[in-house]
Structure formats: C-alpha cells, structure tokens
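S.K.: Here you go, start28.cif (mmCIF, C-alpha atoms):
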data_input
loop_
_atom_site.label_atom_id
_atom_site.label_comp_id
_atom_site.auth_asym_id
_atom_site.auth_seq_id
_atom_site.Cartn_x
_atom_site.Cartn_y
_atom_site.Cartn_z
CA MET A 210 -29.63 14.19 -12.97
CA GLY A 211 -26.44 13.69 -11.00
CA LYS A 212 -24.54 10.54 -10.15
CA ASP A 213 -24.15 9.82 -6.50
CA ASN A 214 -22.19 7.05 -4.80
CA GLN A 215 -21.88 6.04 -1.18
CA LYS A 216 -18.92 6.77 1.09
CA GLU A 217 -17.08 5.44 4.16
CA ALA A 218 -16.99 1.86 5.51
CA PHE A 219 -19.16 -1.16 4.82
CA TYR A 220 -19.28 -4.46 6.70
CA PHE A 221 -20.07 -7.98 5.48
CA GLN A 222 -20.53 -10.98 7.73
CA TRP A 223 -19.98 -13.94 5.45
CA HIS A 224 -20.96 -17.40 6.66
CA PHE A 225 -19.16 -19.20 3.84
CA ILE A 226 -19.78 -22.67 5.27
CA GLU A 227 -22.59 -24.08 7.38
CA SER A 228 -20.87 -27.14 8.82
CA CYS A 229 -19.80 -26.96 12.45
CA ASN A 230 -18.04 -29.26 14.89
CA LEU A 231 -20.20 -28.03 17.79
CA ARG A 232 -23.92 -28.06 18.51
CA CYS A 233 -24.39 -25.11 20.86
CA THR A 234 -27.71 -25.05 22.64
CA HIS A 235 -28.59 -21.52 21.52
CA CYS A 236 -27.27 -21.65 17.94
CA TYR A 237 -29.34 -19.83 15.32
CA GLN A 238 -28.47 -22.28 12.57
CA LYS A 239 -31.28 -24.61 11.51
CA ASP A 240 -28.99 -27.07 9.79
CA TYR A 241 -25.33 -28.08 9.71
CA LYS A 242 -25.41 -30.25 6.63
CA SER A 243 -25.62 -28.14 3.51
CA GLU A 244 -22.71 -28.33 1.10
CA HIS A 245 -20.53 -25.27 0.87
CA LEU A 246 -20.19 -23.57 -2.49
CA LEU A 247 -17.42 -24.45 -4.90
CA GLN A 248 -14.37 -22.25 -4.66
CA LYS A 249 -15.18 -20.59 -7.99
CA ASP A 250 -18.58 -19.50 -6.64
CA LEU A 251 -17.02 -18.24 -3.42
CA PHE A 252 -14.64 -16.16 -5.51
CA LYS A 253 -17.57 -14.94 -7.61
CA ILE A 254 -19.18 -13.65 -4.40
CA ALA A 255 -15.90 -12.17 -3.17
CA SER A 256 -15.48 -10.39 -6.52
CA ASP A 257 -19.00 -8.99 -6.31
CA LEU A 258 -18.23 -7.59 -2.84
CA ASP A 259 -14.94 -6.21 -4.10
CA ASN A 260 -16.46 -4.56 -7.18
CA THR A 261 -19.28 -3.09 -5.12
CA MET A 262 -16.88 -1.52 -2.61
CA SER A 263 -14.94 -0.05 -5.51
CA LYS A 264 -18.09 1.34 -7.14
CA TRP A 265 -19.41 2.82 -3.91
CA LYS A 266 -15.94 4.11 -2.96
CA LYS A 267 -16.39 2.38 0.38
CA LYS A 268 -13.80 0.75 2.56
CA GLY A 269 -14.74 -2.89 2.95
CA ARG A 270 -14.64 -4.93 6.13
CA VAL A 271 -15.42 -8.63 6.08
CA SER A 272 -15.84 -11.18 8.84
CA LEU A 273 -15.39 -14.74 7.62
CA THR A 274 -17.32 -17.29 9.60
CA GLY A 275 -19.50 -20.39 9.45
CA GLY A 276 -20.56 -22.77 10.94
CA GLU A 277 -16.99 -23.11 12.06
CA PRO A 278 -14.67 -21.52 9.49
CA PHE A 279 -11.59 -23.54 10.53
CA LEU A 280 -13.34 -26.75 9.49
CA LYS A 281 -12.47 -25.77 5.91
CA PRO A 282 -9.09 -24.09 6.31
CA GLU A 283 -8.28 -24.29 2.58
CA LEU A 284 -11.40 -22.26 1.74
CA LEU A 285 -10.91 -19.89 4.65
CA PHE A 286 -7.32 -19.11 3.72
CA SER A 287 -8.16 -18.74 0.03
CA LEU A 288 -10.74 -16.08 0.97
CA ILE A 289 -8.29 -14.41 3.34
CA GLU A 290 -5.78 -14.29 0.46
CA PHE A 291 -8.44 -12.74 -1.79
CA PHE A 292 -9.31 -9.93 0.63
CA GLU A 293 -5.67 -9.46 1.61
CA ARG A 294 -4.95 -8.61 -2.04
CA SER A 295 -8.04 -6.44 -2.53
CA VAL A 296 -7.47 -2.70 -2.49
CA ASN A 297 -11.11 -2.20 -1.54
CA PHE A 298 -10.98 -4.17 1.72
CA TYR A 299 -8.87 -2.98 4.62
CA TRP A 300 -10.14 -5.21 7.44
CA ILE A 301 -10.57 -8.98 7.76
CA GLY A 302 -12.11 -10.61 10.80
CA ILE A 303 -12.70 -14.26 11.63
CA LEU A 304 -15.51 -15.45 13.90
CA SER A 305 -14.83 -18.88 15.36
CA ASN A 306 -15.53 -21.17 18.28
CA GLY A 307 -11.77 -21.51 18.71
CA THR A 308 -11.68 -25.27 19.13
CA LEU A 309 -9.64 -25.90 15.97
CA ILE A 310 -7.08 -23.14 16.34
CA ASP A 311 -3.66 -24.51 17.27
CA GLU A 312 -0.28 -22.82 17.40
CA ASP A 313 0.45 -23.42 13.70
CA THR A 314 -2.88 -21.85 12.73
CA ALA A 315 -2.17 -18.82 14.90
CA LEU A 316 1.25 -18.43 13.29
CA LYS A 317 -0.24 -18.69 9.80
CA LEU A 318 -2.93 -16.11 10.61
CA SER A 319 -0.36 -13.71 11.99
CA ARG A 320 1.24 -13.43 8.54
CA TYR A 321 -1.70 -11.56 7.04
CA LYS A 322 -1.57 -7.81 7.47
CA LYS A 323 -5.29 -7.22 7.08
CA ILE A 324 -6.44 -9.77 9.66
CA SER A 325 -7.60 -7.28 12.23
CA GLU A 326 -9.58 -9.38 14.66
CA ILE A 327 -10.18 -13.01 15.58
CA GLN A 328 -13.34 -13.31 17.62
CA ILE A 329 -13.82 -16.42 19.73
CA SER A 330 -17.18 -17.26 21.27
CA ILE A 331 -17.09 -17.88 24.98
CA ASP A 332 -20.45 -18.32 26.65
CA GLY A 333 -19.52 -18.74 30.27
CA ALA A 334 -16.91 -17.51 32.70
CA SER A 335 -16.47 -21.09 33.87
CA ASP A 336 -15.80 -24.25 31.92
CA HIS A 337 -18.94 -25.75 33.46
CA THR A 338 -21.32 -23.13 32.02
CA HIS A 339 -19.53 -22.77 28.69
CA ASP A 340 -19.28 -26.55 28.17
CA GLN A 341 -22.94 -27.02 29.05
CA ILE A 342 -23.83 -24.63 26.24
CA ARG A 343 -21.13 -25.49 23.70
CA GLY A 344 -20.05 -29.05 24.52
CA LYS A 345 -17.52 -30.94 26.58
CA SER A 346 -13.97 -29.54 26.78
CA THR A 347 -14.75 -26.63 24.48
CA PHE A 348 -13.98 -23.99 27.10
CA ASN A 349 -10.36 -25.03 27.53
CA LYS A 350 -9.87 -25.25 23.77
CA ALA A 351 -11.34 -21.79 23.21
CA VAL A 352 -9.19 -20.22 25.95
CA LYS A 353 -6.11 -22.00 24.59
CA ALA A 354 -6.88 -20.68 21.11
CA LEU A 355 -7.06 -17.13 22.47
CA LYS A 356 -3.69 -17.58 24.13
CA PHE A 357 -2.09 -18.85 20.90
CA LEU A 358 -3.56 -15.95 18.97
CA LYS A 359 -2.33 -13.43 21.53
CA GLU A 360 1.10 -15.07 21.49
CA TYR A 361 1.37 -14.32 17.78
CA GLY A 362 0.25 -10.73 18.17
CA LEU A 363 -3.25 -11.01 16.75
CA PHE A 364 -6.07 -8.76 17.94
CA THR A 365 -8.44 -11.03 19.82
CA SER A 366 -11.94 -10.61 21.11
CA ILE A 367 -14.54 -12.62 22.96
CA MET A 368 -18.19 -12.82 21.93
CA PHE A 369 -20.40 -13.64 24.89
CA THR A 370 -23.99 -14.37 23.90
CA LEU A 371 -26.04 -13.37 26.92
CA HIS A 372 -29.10 -15.45 27.80
CA LYS A 373 -30.96 -17.12 30.63
CA GLN A 374 -28.47 -19.98 30.97
CA ASN A 375 -25.36 -17.81 31.46
CA LYS A 376 -26.69 -14.47 32.74
CA ASP A 377 -25.21 -15.04 36.19
CA GLU A 378 -21.72 -15.07 34.67
CA ALA A 379 -22.08 -11.88 32.62
CA ILE A 380 -19.95 -9.88 35.02
CA GLN A 381 -17.36 -12.60 35.55
CA ILE A 382 -16.84 -12.95 31.81
CA LEU A 383 -15.38 -9.44 31.85
CA GLU A 384 -12.90 -10.53 34.50
CA LEU A 385 -12.05 -13.62 32.48
CA ALA A 386 -11.46 -11.53 29.35
CA GLU A 387 -9.15 -9.28 31.33
CA LYS A 388 -7.32 -12.26 32.82
CA ILE A 389 -6.76 -13.93 29.44
CA GLY A 390 -5.59 -10.61 28.07
CA VAL A 391 -7.85 -10.36 25.05
CA ASP A 392 -8.21 -6.97 23.41
CA ALA A 393 -11.99 -6.67 23.39
CA ILE A 394 -15.21 -8.29 24.46
CA THR A 395 -18.72 -7.95 23.11
CA ILE A 396 -21.69 -8.96 25.19
CA GLU A 397 -24.53 -9.60 22.80
CA ARG A 398 -28.00 -10.50 24.03
CA ILE A 399 -29.38 -13.58 22.34
CA THR A 400 -31.80 -13.33 19.43
CA PRO A 401 -34.36 -16.06 20.03
CA MET A 402 -35.20 -17.76 16.73
CA SER A 403 -38.29 -19.67 17.90
CA LYS A 404 -40.88 -19.92 20.68
CA HIS A 405 -38.67 -22.60 22.22
CA ASP A 406 -35.75 -20.17 22.26
CA ILE A 407 -37.91 -17.51 23.93
CA ASN A 408 -38.80 -19.93 26.73
CA GLU A 409 -35.29 -21.30 27.13
CA PHE A 410 -33.08 -18.26 26.67
CA PHE A 411 -34.92 -14.96 26.65
CA ILE A 412 -34.27 -12.46 29.44
CA ASN A 413 -37.04 -9.98 30.25
CA SER A 414 -36.44 -6.25 29.95
CA GLU A 415 -36.13 -5.47 33.67
CA GLU A 416 -33.64 -8.25 34.26
CA LEU A 417 -31.69 -7.18 31.20
CA ARG A 418 -31.59 -3.63 32.52
CA ASN A 419 -30.10 -4.85 35.80
CA ILE A 420 -27.46 -6.85 33.98
CA TYR A 421 -26.59 -3.96 31.66
CA GLU A 422 -26.32 -1.55 34.60
CA LYS A 423 -23.93 -3.88 36.41
CA LEU A 424 -21.91 -4.44 33.23
CA TYR A 425 -21.67 -0.71 32.67
CA GLU A 426 -20.37 -0.07 36.19
CA ARG A 427 -17.85 -2.90 35.86
CA LYS A 428 -16.80 -1.66 32.42
CA LYS A 429 -15.79 1.70 33.90
CA VAL A 430 -13.60 0.01 36.52
CA ILE A 431 -11.98 -2.56 34.22
CA GLU A 432 -11.26 -0.15 31.38
CA LYS A 433 -9.54 2.18 33.81
CA ARG A 434 -7.11 -0.48 34.98
CA SER A 435 -6.56 -2.48 31.77
CA ASN A 436 -6.47 -2.26 27.98
CA LEU A 437 -9.57 -4.40 27.59
CA LYS A 438 -12.21 -2.74 25.42
CA ILE A 439 -15.72 -3.64 26.53
CA ARG A 440 -17.91 -2.96 23.53
CA VAL A 441 -21.25 -1.32 24.10
CA SER A 442 -22.14 -0.01 20.66
CA ARG A 443 -25.36 -1.98 20.16
CA PRO A 444 -28.98 -0.91 20.69
CA LEU A 445 -30.24 -0.33 24.28
CA TRP A 446 -26.87 0.76 25.71
CA ALA A 447 -27.72 4.39 24.98
CA LEU A 448 -30.50 4.12 27.52
CA LEU A 449 -27.84 3.96 30.23
CA ASP A 450 -25.53 6.59 28.85
CA ASP A 451 -25.98 8.94 25.91
CA ASN A 452 -22.40 8.32 24.85
CA LEU A 453 -22.94 4.59 24.38
CA GLY A 454 -24.93 2.50 21.95
CA GLY A 455 -25.59 2.85 18.28
CA PHE A 456 -28.26 2.50 15.63
CA CYS A 457 -28.15 -0.94 14.05
CA PRO A 458 -26.20 -0.80 10.76
CA ALA A 459 -28.16 -3.64 9.10
CA GLY A 460 -29.29 -2.44 5.70
CA LEU A 461 -27.39 0.82 6.08
CA THR A 462 -23.74 -0.16 6.18
CA SER A 463 -23.80 -3.92 6.62
CA LEU A 464 -25.15 -7.16 5.20
CA SER A 465 -24.87 -10.85 5.97
CA ILE A 466 -24.26 -13.62 3.44
CA LEU A 467 -25.01 -17.29 4.03
CA GLN A 468 -23.22 -20.39 2.77
CA ASP A 469 -25.39 -20.70 -0.36
CA GLY A 470 -25.21 -17.01 -1.26
CA THR A 471 -28.49 -16.04 0.41
CA VAL A 472 -28.31 -12.47 1.67
CA LEU A 473 -29.84 -11.36 4.97
CA PRO A 474 -29.91 -7.83 6.41
CA CYS A 475 -28.29 -9.32 9.54
CA ARG A 476 -27.48 -12.96 10.38
CA ARG A 477 -30.04 -12.87 13.14
CA LEU A 478 -32.75 -11.19 11.07
CA GLU A 479 -33.69 -14.20 9.01
CA ILE A 480 -35.51 -12.53 6.15
CA PRO A 481 -33.85 -13.56 2.87
CA ILE A 482 -33.59 -10.57 0.56
CA GLY A 483 -32.02 -12.32 -2.42
CA ASN A 484 -29.10 -14.47 -3.48
CA ILE A 485 -25.87 -12.73 -4.34
CA LEU A 486 -24.95 -15.37 -6.95
CA THR A 487 -28.16 -15.07 -8.95
CA ASP A 488 -29.29 -11.50 -8.19
CA GLY A 489 -26.02 -9.68 -7.63
CA LEU A 490 -25.46 -7.28 -4.78
CA TYR A 491 -26.71 -4.13 -6.52
CA LYS A 492 -30.14 -5.57 -7.24
CA ILE A 493 -30.52 -6.75 -3.64
CA TRP A 494 -29.25 -3.49 -2.15
CA TYR A 495 -31.35 -1.19 -4.31
CA THR A 496 -34.62 -3.10 -4.66
CA SER A 497 -35.20 -4.89 -1.35
CA ASP A 498 -38.28 -3.48 0.41
CA VAL A 499 -36.98 -4.93 3.68
CA LEU A 500 -33.77 -2.92 3.39
CA TRP A 501 -35.61 0.28 2.46
CA LYS A 502 -37.80 -0.12 5.53
CA LEU A 503 -34.81 -0.75 7.80
CA ARG A 504 -33.19 2.43 6.49
CA ASN A 505 -36.19 4.53 7.42
CA LYS A 506 -36.22 5.24 11.15
CA GLN A 507 -39.55 7.01 10.79
CA LYS A 508 -41.19 3.67 10.04
CA LEU A 509 -40.28 2.14 13.38
CA THR A 510 -43.38 1.44 15.44
CA GLY A 511 -44.28 1.16 19.12
CA LYS A 512 -42.00 2.74 21.68
CA CYS A 513 -39.15 2.99 19.17
CA ASN A 514 -41.10 5.36 16.91
CA ASP A 515 -40.86 8.54 18.97
CA CYS A 516 -38.09 7.52 21.33
CA LYS A 517 -35.60 10.22 22.27
CA TYR A 518 -32.76 7.68 22.01
CA ILE A 519 -33.51 6.70 18.41
CA HIS A 520 -30.30 8.32 17.11
CA ALA A 521 -28.20 5.90 19.17
CA CYS A 522 -30.52 2.93 19.57
CA GLY A 523 -33.55 2.08 17.41
CA GLY A 524 -33.76 -1.31 19.09
CA CYS A 525 -32.67 -4.67 17.73
CA ARG A 526 -34.67 -5.37 14.59
CA ALA A 527 -33.90 -9.09 14.72
CA ILE A 528 -35.25 -9.50 18.25
CA ALA A 529 -38.31 -7.42 17.35
CA TYR A 530 -38.90 -9.74 14.40
CA THR A 531 -38.53 -13.04 16.21
CA VAL A 532 -40.58 -11.96 19.23
CA ASN A 533 -43.19 -9.68 17.58
CA ASN A 534 -43.10 -11.08 14.03
CA ASP A 535 -42.52 -7.52 12.83
CA PHE A 536 -39.01 -6.28 12.21
CA MET A 537 -40.09 -2.65 12.58
CA ALA A 538 -41.81 -3.23 15.93
CA GLU A 539 -40.40 -2.00 19.23
CA ASP A 540 -37.54 -3.88 20.83
CA PRO A 541 -39.22 -6.25 23.33
CA GLN A 542 -36.28 -5.97 25.72
CA CYS A 543 -36.43 -2.20 25.99
CA TRP A 544 -37.06 -1.18 29.60
CA LEU A 545 -38.33 2.34 28.91
CA MET B 245 -39.00 11.97 -31.41
CA GLN B 246 -42.79 11.81 -31.83
CA LYS B 247 -45.54 12.43 -29.31
CA SER B 248 -46.93 9.02 -30.29
CA ASP B 249 -43.70 7.18 -29.33
CA ILE B 250 -43.89 4.49 -26.65
CA PHE B 251 -41.08 3.61 -24.22
CA LYS B 252 -40.40 1.18 -21.43
CA LEU B 253 -37.90 1.22 -18.58
CA SER B 254 -34.85 -1.00 -19.17
CA ASP B 255 -34.67 -4.12 -16.96
CA ASP B 256 -31.30 -2.89 -15.71
CA TRP B 257 -32.80 0.14 -14.01
CA ASN B 258 -35.01 0.49 -10.98
CA LEU B 259 -36.94 3.56 -9.88
CA HIS B 260 -37.23 4.34 -6.21
CA LYS B 261 -38.94 6.96 -4.10
CA GLU B 262 -37.48 7.23 -0.60
CA ASP B 263 -40.40 7.86 1.67
CA LEU B 264 -38.80 10.20 4.17
CA LYS B 265 -40.07 13.58 5.41
CA ASP B 266 -38.05 15.12 2.59
CA LYS B 267 -38.82 12.79 -0.28
CA LYS B 268 -35.92 11.62 -2.40
CA TYR B 269 -36.09 10.16 -5.88
CA TYR B 270 -33.59 7.76 -7.40
CA LEU B 271 -32.84 5.67 -10.42
CA PHE B 272 -30.66 2.66 -9.67
CA ASN B 273 -28.78 0.54 -12.15
CA ILE B 274 -28.99 -2.94 -10.66
CA LYS B 275 -26.31 -4.32 -12.98
CA ASP B 276 -23.47 -1.81 -12.59
CA GLY B 277 -24.53 0.04 -9.43
CA ASP B 278 -24.90 3.50 -10.94
CA VAL B 279 -27.14 5.82 -8.93
CA VAL B 280 -28.95 8.79 -10.42
CA LYS B 281 -30.77 11.36 -8.29
CA LEU B 282 -33.98 12.65 -9.85
CA ASN B 283 -36.30 15.52 -9.18
CA GLU B 284 -39.96 14.80 -8.53
CA VAL B 285 -41.19 15.57 -12.04
CA SER B 286 -38.51 13.41 -13.71
CA PHE B 287 -39.38 10.59 -11.33
CA GLU B 288 -43.09 10.86 -12.14
CA ILE B 289 -42.44 10.92 -15.87
CA LEU B 290 -40.33 7.75 -15.63
CA ARG B 291 -42.84 6.14 -13.27
CA VAL B 292 -45.67 6.39 -15.79
CA ILE B 293 -43.56 5.03 -18.65
CA ASP B 294 -44.92 1.51 -18.93
CA GLY B 295 -44.53 0.26 -22.49
CA ILE B 296 -48.16 1.13 -23.25
CA LYS B 297 -48.64 4.89 -22.83
CA THR B 298 -47.48 7.29 -25.53
CA LEU B 299 -45.50 10.42 -24.75
CA GLN B 300 -48.73 12.35 -25.30
CA ASP B 301 -50.45 10.21 -22.61
CA ILE B 302 -47.54 10.76 -20.26
CA HIS B 303 -47.58 14.50 -20.90
CA ASN B 304 -51.31 14.62 -20.12
CA ILE B 305 -50.88 12.71 -16.85
CA ILE B 306 -48.00 14.86 -15.63
CA PHE B 307 -49.79 18.05 -16.69
CA CYS B 308 -52.72 17.10 -14.43
CA GLU B 309 -50.38 16.32 -11.50
CA PHE B 310 -48.22 19.44 -11.57
CA SER B 311 -49.10 23.06 -12.23
CA VAL B 312 -46.81 23.64 -15.18
CA ASN B 313 -47.01 25.33 -18.52
CA ARG B 314 -47.80 22.80 -21.30
CA ASP B 315 -44.95 23.89 -23.55
CA VAL B 316 -42.42 23.95 -20.72
CA LEU B 317 -43.54 20.45 -19.75
CA TRP B 318 -43.09 19.22 -23.34
CA LYS B 319 -39.58 20.63 -23.30
CA ASP B 320 -38.84 18.82 -20.01
CA VAL B 321 -40.34 15.54 -21.22
CA PHE B 322 -38.38 15.55 -24.48
CA SER B 323 -35.17 16.53 -22.74
CA LEU B 324 -35.49 13.78 -20.11
CA ILE B 325 -36.46 11.13 -22.67
CA LYS B 326 -33.50 12.05 -24.85
CA ARG B 327 -31.06 11.73 -21.94
CA CYS B 328 -32.64 8.46 -20.78
CA ILE B 329 -32.38 6.93 -24.25
CA HIS B 330 -28.73 7.97 -24.39
CA GLU B 331 -28.05 6.35 -20.98
CA ASN B 332 -30.06 3.20 -21.89
CA VAL B 333 -32.47 3.88 -19.06
CA ILE B 334 -35.47 3.52 -21.37
CA ILE B 335 -36.04 1.57 -24.55
CA LYS B 336 -38.19 2.73 -27.47
CA LEU B 337 -40.77 0.13 -28.50
#
Take the structure I supplied and represent it as structure tokens, if you would.
M.R.:
Amino acid sequence: MGKDNQKEAFYFQWHFIESCNLRCTHCYQKDYKSEHLLQKDLFKIASDLDNTMSKWKKKGRVSLTGGEPFLKPELLFSLIEFFERSVNFYWIGILSNGTLIDEDTALKLSRYKKISEIQISIDGASDHTHDQIRGKSTFNKAVKALKFLKEYGLFTSIMFTLHKQNKDEAIQILELAEKIGVDAITIERITPMSKHDINEFFINSEELRNIYEKLYERKKVIEKRSNLKIRVSRPLWALLDDNLGGFCPAGLTSLSILQDGTVLPCRRLEIPIGNILTDGLYKIWYTSDVLWKLRNKQKLTGKCNDCKYIHACGGCRAIAYTVNNDFMAEDPQCWL
Amino acid sequence: MQKSDIFKLSDDWNLHKEDLKDKKYYLFNIKDGDVVKLNEVSFEILRVIDGIKTLQDIHNIIFCEFSVNRDVLWKDVFSLIKRCIHENVIIKL
C-alpha cells in the first residue's frame, strides 16, 4: 500500500449566491430567489476547499460568481479576503454581468494581489443585441465596467455566449474586445438546458463549424496586431487545428458549487453529485459515479468514442447531456 | 487473530476499482482525503469483507479467484488485515 495524492492546479467555479439583477434570455438558472448561505457556512465551504487543496498539494483557483456576485458585495469581499489569505489558492476570478461595477469597486478590487481576472459577460457586439438578451442599458454598463477595471490595472475578459440570437455578431465581438482593450475573450457555445432552449438558441453543427472557422481566421489576424488573447481551449476547437482545444476538465481538475452547497461536475452539467456542506468534498470527489465516468475517456460513446481528437476534445459533456440525455454521448455539435 | 474473526469496512473508507484498460485499485478516506493504492488481491480481499464472512470464508473465496498457494494467501490475508486494523480501515466485529 502506498499513499498517493494529486498534483498541479484545480479550479472551482463557486456560485455563492443565486440572486441576480438581470434576467438574460438564455440563462441556465431555474430560479433567482433562493436565500444565500450564512457567512459561517460560506466559510465552512471555503475551508473545505482550502483543506482539500492542501491535502492534494494542488494549487487552487476559484471563480466567485452568482447570480450576480456584486449584488452581495459584503459576502463577495469576505470570500476574496479568505482566498487572498489562503496559501493554497493562488488565483481568484470573478464572473459578473458588470452592471454593478463602478469606479470605487474597481479600485477596491485592484487592491487584492490574487485577483487575476474579472470576466464580464457581453452577448452582442452592439448594444441592441446585447440589451435584447440581457436587458435595457446593460451593454453600456458592462462596457463601462470593463473600462473602470482596465483603468485600475485589472486583468479583464469578456465571456460571449454564442447562440442563435447573437451568432451574426460572433466576429464583431472580437473587434469590440480589441477596441475596449480587454485582455482576453472566451466564446462559449450555449448549453441548452431544455427543449425550449434547443429551439430558441441551439446552432447546428455545420453552422457552428462555419462560425468557428471564421473566428479562427480572425483570431490569427487580431492576435498578431494586438495583445488580445482569444481563448480556444474548449472542446471542438481541436477539429480545426491540432494545437487548439482541450479535454473538458470537469471531474478531473474542476468542480462547480452552487449557492446552497450543491456540487456539480460543471455548472452547465446539471447532475448534482452531493452537497459540500453535508457530504464534504472528499466523499463527493471519491465516490461519485458521475465523476468516475467523466474521468474515463474510454466510456465515451458515439463518435467521441474512437475519435482521433479525443486527447484535445472529447466533446462537451453538458451539451451531450441536455441534448441526448446522456452525458457520455457524442457532442451533438460535432461536425465530423 | 483467528480464522473465525469477522470484519467490516469502516464508514470512513471507500473502495474503488478504476475501470480502465490497466485496472487500478484504490482505497479512499472520505473524511480526511487519504488515498491508498492497492494491488488486485488486496482489493478483492477488502471487497469481500462485509461484516458477515469470516476470514476463513474470505480466504476460500480469494483462493478460488487467484491461483495462489494456500499458505502464502493466509500470510497475505493476515498481513493486510493487520495493517488495515492499524489504519482503522476495517473494524473487528
């Protein structure tokens, strides 16, 4: 018998509140009402994450989000303080819609050494498209927030959730990101959470391929002339270029935690695998059948099973689940 | 230790066989996160410990599964059980 612990980095996406000031058309949240946990329970979760990183000798990364995390700034900043002090976490991110970030907030955020990225969701290259999806005047607020954050030297990124309603602006969003001067942009295809979402938002594989090909060509041009990093580390990108893409880390080096402590492999893969407050992270991590399946590439089915790109792709398990009702099924947006 | 002794796995520990091409066997402590790698025989011995079977029963089952010498197997069973009691992996009933 020999003891063995894990190494390298581990990522948590922690939705510590559910409440939100927006009602985006494509949002994966079912509700916006549930009460957030008491601060002592939030710290209990944070301590569990901290202890686990120490035990596994891993370097922790955490993204704090909601709902909208800036709706509860006192909780957000208390968690930032916690991870800022932790020797086991080196990276703190915040995922926000940007509408509540003013200059004072940007200044306050800039004082934390470990805040490594503030990601703001922008779902259109124009205020018209973005506001249609996220609500009136939200585009200007989000862009303003990015400018404040940049002004105070914070690393900023844009998350663009690609779907039927904004696909025509996928290329222009890169230009907008460059114009604003953000550091990075991620274009993430939507995970439909219902049949309604599939009808309203889902892009078929051939159309997605066309968009990805255009994005890839534009990426090469923009990255040559600017410092903007256009992120292409998710499944399917490897199909365009062997050097791009990546196998989904859900269940391998990442987990998602909801406002009540429920743990999911990924925020978009809505299969609860336990509650961190009642089960603890070790029990969830070591005994979840869902996680063990996700870790085993050989158990992927359909086209993904014997795909030559499996090392850098493996498809999106969340999209496979919501469309095929099987999280190990092939990615329905794969064009191969 | 007697061949008639009965043991059960502690609630703090979880046995797992990773079903890859090269099979891997683990014992996980779900309270403190300790991970112990096992060989196949150790895993099978712990797998059949159920709070009902005696060590003699377990020895008989493992003897049928693997082509091993009876005495060598007894030595392995006793050695593993002793270490597992020490580490609180199993509890004597």
S.K.: Apply the PyMOL selection byres ((chain B and resi 253-257) around 12) to the structure shown and report the selected residues as an MDAnalysis selection string.
M.R.: (chainID A and resid 488:489 491:492 495:496) or (chainID B and resid 250:252 258:260 270:280 287 289:296 325 328:329 331:337)
S.K.: Find, counting all atoms listed in the file, the residue in A:Leu318, A:Ile493, A:Val499, A:Leu284 that gets nearest to chain B.
M.R.: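 Closest candidate: A:Ile493.
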S.K.: Run through the PyMOL selection byres ((chain A) within 12 of (chain B)) on the given coordinates and return the selected residues as a PyMOL selection string.
M.R.: chain A and resi 210-215+257-258+260-266+487-498+500-508
S.K.: How would you write, as a count of residues only, the residues chosen by the PyMOL selection byres ((chain B and resi 245) around 10) on this structure?
M.R.: 8
S.K.: Just give me the gap between CA of Pro474 (chain A) and CA of Glu290 (chain A) in Å, one decimal is fine.
M.R.: 25.7 Å
S.K.: Name the residues in contact with region 341-351 of chain A at a cut-off of 6 Å, using only C-alpha atoms, excluding same-chain residues fewer than 5 positions from it; report them as a list in words.
M.R.: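 What passes the distance filter is Cys233, Thr234, Gly307, Thr308 and Asp336 of chain A.
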S.K.: Given the selection you just returned, output its residues as a file containing C-alpha atoms, formatted as an mmCIF file, keeping the file's coordinate frame.
M.R.:
data_model
loop_
_atom_site.group_PDB
_atom_site.id
_atom_site.type_symbol
_atom_site.label_atom_id
_atom_site.label_comp_id
_atom_site.auth_asym_id
_atom_site.auth_seq_id
_atom_site.Cartn_x
_atom_site.Cartn_y
_atom_site.Cartn_z
ATOM 1 C CA CYS A 233 -24.390 -25.110 20.860
ATOM 2 C CA THR A 234 -27.710 -25.050 22.640
ATOM 3 C CA GLY A 307 -11.770 -21.510 18.710
ATOM 4 C CA THR A 308 -11.680 -25.270 19.130
ATOM 5 C CA ASP A 336 -15.800 -24.250 31.920
#
S.K.: Go ahead and compute the interatomic distance for CA of Ile303 (chain A) and CA of Ile254 (chain A), in Å to one decimal.
M.R.: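 It comes out at 17.3 Å.
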S.K.: Using all atoms listed in the file, find the one residue out of A:Lys423, A:Thr400, A:Lys433, A:Asn484 that sits nearest to Cys525 (chain A).
M.R.: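 When distances to Cys525 (chain A) are compared using all atoms listed in the file, the smallest one comes from A:Thr400.
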S.K.: Name the residues within 10 Å of (-34.1, -13.2, 30.4), counting all atoms listed in the file in the file's coordinates, and put them as a ChimeraX atom specification.
M.R.: /A:371-376,398-399,407-417,420,542
